[in-house]
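*Asks:* After the structure tokens below, expect a handful of questions from me.
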Amino acid sequence: MREDTIVAIATPVGTGGIGVLRVSGDRSEDICRRLFKPRNTITHLETHRLYHGDIVDGETGRVLDEVLVTLMRGPRSYTGEDVLEISCHGNPLILQSVLDTVLRAGARSAEPGEFTKRAFLNNRIDLAQAEAVADLVTARSERGMQQALFALKGRLSKKIRDVQASFADVLAFLETSIDFTDEDITLPDEGHYLPVLRDAVRSGRNILATYDRGALYRKGLTAVIVGRPNVGKSSLLNRLAGEKRAIVTEIPGTTRDLIEVDVDVSGLSVRFIDTAGIRESDQEIEREGVRLARMRSAEADLVIAVIDGSEGFFEEDRRIMEDNRDKRVVVAINKSDLPQKVDPAKLTDLVSDEDVIVLSAKLNRGIDRLKERVVAECDGGDRNGNDVLLTNLRHREALREALESAERAARSMETGESPELPAFELQEALRHFALITGENAGDDVLDQIFSRFCIGK
Ligand SMILES: Nc1nc2c(ncn2[C@@H]2O[C@H](COP(=O)(O)OP(=O)(O)OP(=O)(O)O)[C@@H](O)[C@H]2O)c(=O)[nH]1
Ligand SMILES: [Mg+2]
């Protein structure tokens, strides 16, 4: 056990039904005995049991709140240490006063992620699972949440461990053949191990290939709405957001700043960004808006090019689409409630016909079809979100390095080189694997990972 006992408010800042303080470490039980006055007399403080009573100031004995407390004795607790949880009324002043008295009773303030770090250091979870806790807390979409949960449950770690285990088997074989080369004993056939290694590398490559989708689930997608002035970009944004977020007027050049809203579309987080209408302008502010619009669309995953169907398809519309040639572009032909001058079929030299959506922001028509189109092709055919995906860049890098070493090992086994060489490469591969689960992660890596957690987690 770590020597000091830590405490933090685990619930968000602000007023709520309840607010929870969490304490972890050797002194948890002692703190509970000193500060908690149970409603009914307790002879023995049972573990994992909810008690009702008061929290008092350790020095004056003044009642601070009526609470529920649970003591969870280690190792059967989140951190693996003795953990005390105090559920107070959710007033920040109450929580602060309880926190103060717990601090005075001998605990110290926890650093961000320190509870989870202790869970990791006490071998309750591996590093990939610890990272999943942070992802679970910060996930912005249903699919991102689902992936974090899979990772927390160890489904990702298990997939990775299967590959790791095969590498370890092959390495064991190679090391035996190094040790016994001079002796007259029969070794297992190398012909058996090479396919094992190749298979494992293939499985690893399959895991690696899921990263792009995994990252998309975790971070979400940005879709920038661009087009000439007055085509209805801001009106469209307001419809996508389901509320009035951007100013709409009949004056061209209304929008100057970027306006961003996050919307959950089929379990994916999509950030829609409204921009200034693109045109040549002699106005300083508008020119800056156009510059921002261009910059943002260059960074986006996807561009929604809005066209005014009642006016026509102009050279400027074509230029805006061509500027985004290297992106996925979905065309929204807006103002379908008015007589139309644009034939959607004429746009198919620029985008595929599924990517042309005719809609009316004014009448709220066609908006859902546009949303669906934006996330189409993002789920890789996995409608229910059951695939386990690699979502973390650190894991991807470690896995990629591990597989490269393993591939070098396979090649040198194939060409029949002495076993030292592939053995060395497989040791390297295993070293990279261990970084994912954290078996050999240094303090700097751990600090970097846990510092992005919230306090109290
Ligand atoms: N009839 C009709 N009018 C629309 C529709 N969508 C937007 N408008 C009108 O078109 C005008 C411009 O709308 P905005 O949403 O401000 O257009 P914008 O593209 O954001 O314009 P800028 O910010 O100036 O680039 C407003 O008068 C809207 O009411 C639509 O679907 N049908
Ligand atoms: Mg606008």
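By convention here, the chains of the structure tokens are called A, B, ... in the order presented, each chain's residues are numbered starting at 1, and ligands are numbered starting at 1 in the order presented.
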Around ligand 2, at most 10 Å away and counting only C-alpha atoms and all ligand atoms, which residues are there? Put them as number ranges by chain, please.

*Replies:* A: 225-237, 246-259, 274-277

*Asks:* List as a compact mmCIF listing (two decimals) with C-alpha atoms, in the first residue's frame the protein and nucleic acid residues near Ser418 (chain A), meaning an atom at most 10 Å away when only C-alpha atoms are counted, but skip any in the same chain fewer than 4 places from it.

*Replies:*
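Listed below is the output, part.txt:
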# COMPACT_ATOMS: atom_id res chain seq x y z
CA LEU A 174 13.83 -19.89 -30.17
CA SER A 177 17.07 -23.81 -29.57
CA ILE A 178 19.75 -21.25 -28.68
CA SER A 412 14.84 -14.10 -40.48
CA MET A 413 13.29 -17.38 -39.36
CA PRO A 422 14.59 -13.53 -34.42
CA ALA A 423 14.79 -14.02 -30.66

*Asks:* Please determine, counting only C-alpha atoms and all ligand atoms, which residue among A:Gly366, A:Pro112, A:Pro38, A:Gly438 has the shortest atom-to-atom distance to ligand 1.

*Replies:*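 For ligand 1, the nearest of the candidates is A:Gly366.
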
*Asks:* Identify, on the basis of only C-alpha atoms, every residue whose closest approach to Ala223 (chain A) does not exceed 7 Å; exclude the query and any residue fewer than 4 positions from it along the same chain; express the result as a list in words.

*Replies:*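 Residues near the query, excluding close chain neighbours: Val270, Arg271, Phe272, Ile273, Ala300, Asp301, Leu302, Val303 and Ile304 of chain A.
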
*Asks:* Using N, CA and C atoms, can you write the selected residues to a file as an mmCIF file, in the first residue's frame?

*Replies:*
data_model
loop_
_atom_site.group_PDB
_atom_site.id
_atom_site.type_symbol
_atom_site.label_atom_id
_atom_site.label_comp_id
_atom_site.auth_asym_id
_atom_site.auth_seq_id
_atom_site.Cartn_x
_atom_site.Cartn_y
_atom_site.Cartn_z
ATOM 1 N N VAL A 270 -20.805 14.425 -33.796
ATOM 2 C CA VAL A 270 -20.441 15.216 -34.977
ATOM 3 C C VAL A 270 -20.431 16.688 -34.594
ATOM 4 N N ARG A 271 -19.324 17.335 -34.879
ATOM 5 C CA ARG A 271 -19.246 18.776 -34.652
ATOM 6 C C ARG A 271 -19.521 19.481 -35.982
ATOM 7 N N PHE A 272 -20.665 20.166 -36.046
ATOM 8 C CA PHE A 272 -21.000 20.939 -37.243
ATOM 9 C C PHE A 272 -20.493 22.358 -37.044
ATOM 10 N N ILE A 273 -19.875 22.901 -38.075
ATOM 11 C CA ILE A 273 -19.312 24.245 -37.963
ATOM 12 C C ILE A 273 -19.863 25.135 -39.073
ATOM 13 N N ALA A 300 -11.137 19.847 -41.554
ATOM 14 C CA ALA A 300 -12.309 19.037 -41.227
ATOM 15 C C ALA A 300 -12.241 17.635 -41.813
ATOM 16 N N ASP A 301 -13.033 16.725 -41.242
ATOM 17 C CA ASP A 301 -13.131 15.379 -41.800
ATOM 18 C C ASP A 301 -14.026 15.387 -43.022
ATOM 19 N N LEU A 302 -14.953 16.318 -43.026
ATOM 20 C CA LEU A 302 -15.968 16.297 -44.066
ATOM 21 C C LEU A 302 -16.468 17.707 -44.327
ATOM 22 N N VAL A 303 -16.857 17.983 -45.560
ATOM 23 C CA VAL A 303 -17.344 19.308 -45.917
ATOM 24 C C VAL A 303 -18.782 19.188 -46.408
ATOM 25 N N ILE A 304 -19.655 20.032 -45.879
ATOM 26 C CA ILE A 304 -21.015 20.112 -46.414
ATOM 27 C C ILE A 304 -21.068 21.380 -47.270
#

*Asks:* I'd like the neighbourhood of Thr60 (chain A) as a ChimeraX atom specification, where a residue qualifies if any of its atoms comes within 12 Å (using only C-alpha atoms), though same-chain residues fewer than 4 positions away should be ignored.

*Replies:* /A:34-35,55-56,64,101

*Asks:* Please produce an output containing N, CA and C atoms for each residue in the selection, written as a short mmCIF file (atom, residue, chain, number, x, y, z; two decimals), in the first residue's frame.

*Replies:*
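Below you can see again.cif, which holds the result:
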data_model
loop_
_atom_site.label_atom_id
_atom_site.label_comp_id
_atom_site.auth_asym_id
_atom_site.auth_seq_id
_atom_site.Cartn_x
_atom_site.Cartn_y
_atom_site.Cartn_z
N ARG A 34 -13.43 8.52 13.12
CA ARG A 34 -13.33 9.82 13.81
C ARG A 34 -14.39 10.82 13.37
N LEU A 35 -14.75 10.79 12.09
CA LEU A 35 -15.62 11.85 11.57
C LEU A 35 -17.06 11.43 11.36
N ILE A 55 -21.72 13.48 9.41
CA ILE A 55 -20.28 13.78 9.36
C ILE A 55 -20.07 15.01 10.24
N VAL A 56 -19.10 14.92 11.13
CA VAL A 56 -18.86 16.04 12.02
C VAL A 56 -17.47 16.62 11.77
N LEU A 64 -21.63 18.55 10.06
CA LEU A 64 -21.45 19.22 8.77
C LEU A 64 -22.51 18.80 7.76
N THR A 101 -12.32 18.89 6.58
CA THR A 101 -12.15 18.15 7.85
C THR A 101 -11.45 16.80 7.61
#

*Asks:* Give me, as an mmCIF file with N, CA and C atoms, in the first residue's frame, all polymer residues having an atom no more than 12 Å from Leu350 (chain A), counting only C-alpha atoms and skipping those fewer than 5 positions away in the same chain.

*Replies:*
data_model
loop_
_atom_site.group_PDB
_atom_site.id
_atom_site.type_symbol
_atom_site.label_atom_id
_atom_site.label_comp_id
_atom_site.auth_asym_id
_atom_site.auth_seq_id
_atom_site.Cartn_x
_atom_site.Cartn_y
_atom_site.Cartn_z
ATOM 1 N N ALA A 305 -21.157 21.191 -48.570
ATOM 2 C CA ALA A 305 -21.189 22.340 -49.482
ATOM 3 C C ALA A 305 -22.653 22.683 -49.739
ATOM 4 N N ASP A 317 -19.723 28.175 -56.665
ATOM 5 C CA ASP A 317 -20.079 26.913 -56.000
ATOM 6 C C ASP A 317 -19.118 25.807 -56.421
ATOM 7 N N ARG A 318 -18.886 25.769 -57.730
ATOM 8 C CA ARG A 318 -17.970 24.745 -58.246
ATOM 9 C C ARG A 318 -16.585 24.926 -57.650
ATOM 10 N N ARG A 319 -16.139 26.180 -57.551
ATOM 11 C CA ARG A 319 -14.795 26.429 -57.038
ATOM 12 C C ARG A 319 -14.686 25.993 -55.574
ATOM 13 N N ILE A 320 -15.711 26.262 -54.794
ATOM 14 C CA ILE A 320 -15.698 25.856 -53.379
ATOM 15 C C ILE A 320 -15.582 24.335 -53.271
ATOM 16 N N MET A 321 -16.310 23.640 -54.144
ATOM 17 C CA MET A 321 -16.225 22.176 -54.094
ATOM 18 C C MET A 321 -14.868 21.684 -54.547
ATOM 19 N N GLU A 322 -14.333 22.326 -55.567
ATOM 20 C CA GLU A 322 -13.016 21.891 -56.058
ATOM 21 C C GLU A 322 -11.909 22.183 -55.051
ATOM 22 N N ASP A 323 -12.066 23.268 -54.294
ATOM 23 C CA ASP A 323 -11.096 23.573 -53.232
ATOM 24 C C ASP A 323 -11.020 22.450 -52.209
ATOM 25 N N ASN A 324 -12.109 21.684 -52.072
ATOM 26 C CA ASN A 324 -12.158 20.621 -51.073
ATOM 27 C C ASN A 324 -12.116 19.237 -51.723
ATOM 28 N N ARG A 325 -11.486 19.182 -52.853
ATOM 29 C CA ARG A 325 -11.451 17.958 -53.641
ATOM 30 C C ARG A 325 -10.906 16.770 -52.847
ATOM 31 N N ASP A 326 -9.915 17.016 -51.992
ATOM 32 C CA ASP A 326 -9.296 15.906 -51.263
ATOM 33 C C ASP A 326 -10.097 15.485 -50.027
ATOM 34 N N LYS A 327 -11.261 16.023 -49.840
ATOM 35 C CA LYS A 327 -12.109 15.723 -48.667
ATOM 36 C C LYS A 327 -13.334 14.954 -49.114
ATOM 37 N N ARG A 328 -14.014 14.360 -48.130
ATOM 38 C CA ARG A 328 -15.354 13.864 -48.456
ATOM 39 C C ARG A 328 -16.275 15.074 -48.490
ATOM 40 N N VAL A 329 -17.000 15.259 -49.572
ATOM 41 C CA VAL A 329 -17.914 16.397 -49.693
ATOM 42 C C VAL A 329 -19.331 15.880 -49.850
ATOM 43 N N VAL A 330 -20.235 16.407 -49.030
ATOM 44 C CA VAL A 330 -21.653 16.133 -49.206
ATOM 45 C C VAL A 330 -22.286 17.451 -49.652
ATOM 46 N N VAL A 331 -23.061 17.404 -50.725
ATOM 47 C CA VAL A 331 -23.672 18.629 -51.241
ATOM 48 C C VAL A 331 -25.095 18.742 -50.708
ATOM 49 N N PRO A 344 -30.039 18.154 -59.603
ATOM 50 C CA PRO A 344 -29.076 17.380 -58.802
ATOM 51 C C PRO A 344 -28.246 16.432 -59.653
ATOM 52 N N ALA A 345 -28.836 15.918 -60.712
ATOM 53 C CA ALA A 345 -28.111 14.956 -61.559
ATOM 54 C C ALA A 345 -26.886 15.594 -62.213
ATOM 55 N N ASP A 355 -24.411 11.426 -52.361
ATOM 56 C CA ASP A 355 -23.890 12.554 -51.591
ATOM 57 C C ASP A 355 -24.514 13.898 -51.985
ATOM 58 N N VAL A 356 -25.569 13.861 -52.767
ATOM 59 C CA VAL A 356 -26.312 15.083 -53.073
ATOM 60 C C VAL A 356 -27.653 15.005 -52.347
#

*Asks:* Would you please work out which residue, of A:Gly220, A:Gly17, A:Gly289, A:Gly191, is nearest to ligand 1 when using only C-alpha atoms and all ligand atoms?

*Replies:*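 The shortest atom-to-atom distance to ligand 1 comes from A:Gly289.
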
*Asks:* Quick one: residues within 10 Å of region 446-451 of chain A, only C-alpha atoms, excluding same-chain residues fewer than 6 positions away - as a list in words?

*Replies:*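 Everything that qualifies: Glu111, Pro112, Gly113, Glu114, Phe115, Thr116, Lys117, Phe120, Leu127, Ala130, Glu131, Ala134, Arg394, Gly438 and Lys457 of chain A.
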
*Asks:* Mind listing the strand (DSSP E) residues of region 35-232 of chain A, per DSSP on the backbone, as number ranges by chain?

*Replies:* A: 36-38, 49-56, 63-72, 83-90, 108-109, 221-227

*Asks:* Tell me, in Å to one decimal, how far CA of Ala376 (chain A) is from CA of Leu268 (chain A).

*Replies:*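 Spanning CA of Ala376 (chain A) to CA of Leu268 (chain A) is a straight-line distance of 10.6 Å.
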
*Asks:* Rounded to one decimal, what separation in Å do you get between CA of Val83 (chain A) and CA of Arg27 (chain A)?

*Replies:* 9.2 Å
